[in-house]
Amino acid sequence: MAVAATVEVPGIGLQPRAVFLEWLWELLAECDLLGMCEGEVLAHEAAALGIVPDPLVIDAAAAPRERDWVAELPVITAACWFSEEASARRAVVRLEGLAGCEVLGLNAVACARPDAWQDAFAPIEVPGFGWVRPAWEPGRAGAEAGEATLFIEPGIGFGTGLHPTTQLCLAAIAAAFRSPRRCDRVVDFGSGSGILAVAAAVLGATRVHAVESDASVHDAIRSHTVRNGVRDRVLVDTLLPAGAGFAGLVVANIVADVLLDHAEPLAGLVARDPAGRLAGCLVLSGLRAPDLAVVAARFTELLGESPRQTSRDGWESLAWWGPVGPPD
């Protein structure tokens with residue numbers, strides 16, 4: 001279906017597309033509607049259309065409403081799925097003559113096996129860390145011979161191991177656990193799928209705070225802690241823990257504006273020695289080159305140390321290691 005920005009809803013009149021689509025769900029439930037896709041706009045397409053200034057985004061799949069690129073289009077191409085052709089044809093009849101909605105066609109789709117979608121997700125090798133494997137694969141999470149293995153359900157919260165910012169953080173976490181510093185307590189701010197929190201626990205942290213403001217993914221984080229055998233060592237919360245010098249390792253993989261808004265509490269969580277010098281490690285990622293100067297300056301002011309910069313595929317991370325630098 002081609003759906004305009006405003007569409008006629010019987011008995012109500014012209015309504016915004018979002019209202020029409022909600023009404024459509026209820027209407028087509030009578031026609032055995034199985035599912036609906038409201039269209040998609042990939043990051044490079046959004047940049048080409050001028051919706052976003054840059055095609056590289058930290059998390060296009062879980063964008064908040066203000067970054068709903070499909071909603072920015074004057075006309076979307078939507079699709080509905082039904083269990084049988086007769087149901088689809090009944091739906092076509094119900095939609096005839098609605099201003100702003102045009103049925104473009106009716107297609108029969110061969111049914112694939114229920115788990116066929118899993119074929120698209122292969123294990124991911126992360127340099128400097130090890131492997132991130134789909135949660136349905138057999139095996140146990142762990143770390144041995146210099147490599148770690150995690151199991152993550154793709155598509156649940158940001159952080160499958162594929163994005164460069166996640167890989168930068170995983171490599172930094174592994175480096176922190178190879179160093180002589182103590183990383184018993186870890187904070188993962190903007191946890192998403194929980195992949196970084198789980199990684200820290202698998203590598204040996206005894207207490208990890210997975211801090212995620214979106215409570216809808218908390219259950220997914222907990223399921224990942226169970227799958228990886230670290231349920232008792234990861235606490236899921238919406239707020240940062242209290243207490244200065246709380247953690248030997250603090251990691252935040254999120255956009256620059258959020259990092260700057262939370263600079264003081266994040267810097268305050270990093271452990272210090274009796275002389276007040278930095279004893280823990282802070283890792284920030286989700287950064288582009290234009291973000292580096294202002295983020296580095298703000299956190300250097302708070303931590304009293306200069307960061308080390310690491311890059312991967314156009315993304316940047318900053319790490320404050322203190323006097324005990326990263327291992328070679």
# chains A, B, ... in the order shown; residues from 1 in each chain; ligands from 1
call {"tool": "select_by_dssp", "arguments": {"residues": "region 167-204 of chain A", "states": "helix (DSSP H, G or I)", "output": "JSON, numbers by chain"}}
result
{"A": [167, 168, 169, 170, 171, 172, 173, 174, 175, 176, 177, 178, 195, 196, 197, 198, 199, 200, 201, 202, 203]}
call {"tool": "residues_around", "arguments": {"residues": "Pro74 (chain A)", "least_positions_apart": "4", "cutoff": "12 Å", "atoms": "only C-alpha atoms", "output": "number ranges by chain"}}
result
A: 2-7, 16-17, 49, 69-70, 100
call {"tool": "write_last_selection", "arguments": {"atoms": "C-alpha atoms", "output": "PDB file, in the first residue's frame"}}
result
ATOM      1  CA  ALA A   2       1.062   3.585  -0.652  1.00  0.00           C
ATOM      2  CA  VAL A   3       0.094   5.581   2.432  1.00  0.00           C
ATOM      3  CA  ALA A   4       0.194   9.394   2.434  1.00  0.00           C
ATOM      4  CA  ALA A   5       0.966  11.631   5.407  1.00  0.00           C
ATOM      5  CA  THR A   6      -2.759  12.102   5.980  1.00  0.00           C
ATOM      6  CA  VAL A   7      -5.359   9.431   5.270  1.00  0.00           C
ATOM      7  CA  PRO A  16      -2.303  11.705  10.455  1.00  0.00           C
ATOM      8  CA  ARG A  17      -0.755   8.521   9.078  1.00  0.00           C
ATOM      9  CA  LEU A  49      16.993  12.663   1.651  1.00  0.00           C
ATOM     10  CA  TRP A  69      12.864   8.398   9.536  1.00  0.00           C
ATOM     11  CA  VAL A  70       9.886   6.622   7.967  1.00  0.00           C
ATOM     12  CA  GLY A 100      -4.534   8.802   1.004  1.00  0.00           C
TER      13      GLY A 100
END
call {"tool": "closest_atom_pairs", "arguments": {"of": "region 175-214 of chain A", "to": "region 112-136 of chain A", "cutoff": "10 Å", "atoms": "only C-alpha atoms", "output": "JSON lines"}}
result
{"residue": "A:Ala175", "atom": "CA", "partner": "A:Gly128", "partner_atom": "CA", "distance": 7.7}
{"residue": "A:Ile195", "atom": "CA", "partner": "A:Val132", "partner_atom": "CA", "distance": 9.0}
{"residue": "A:Ala199", "atom": "CA", "partner": "A:Phe129", "partner_atom": "CA", "distance": 9.3}
call {"tool": "closest_residue", "arguments": {"among": "A:Glu305, A:Glu137, A:Asp32, A:Glu316", "to": "Glu85 (chain A)", "atoms": "only C-alpha atoms"}}
result
A:Asp32
call {"tool": "residues_around", "arguments": {"residues": "region 217-220 of chain A", "least_positions_apart": "5", "cutoff": "9 Å", "atoms": "only C-alpha atoms", "output": "PyMOL selection string"}}
result
chain A and resi 153+156-157+192-194+212+225+236-238
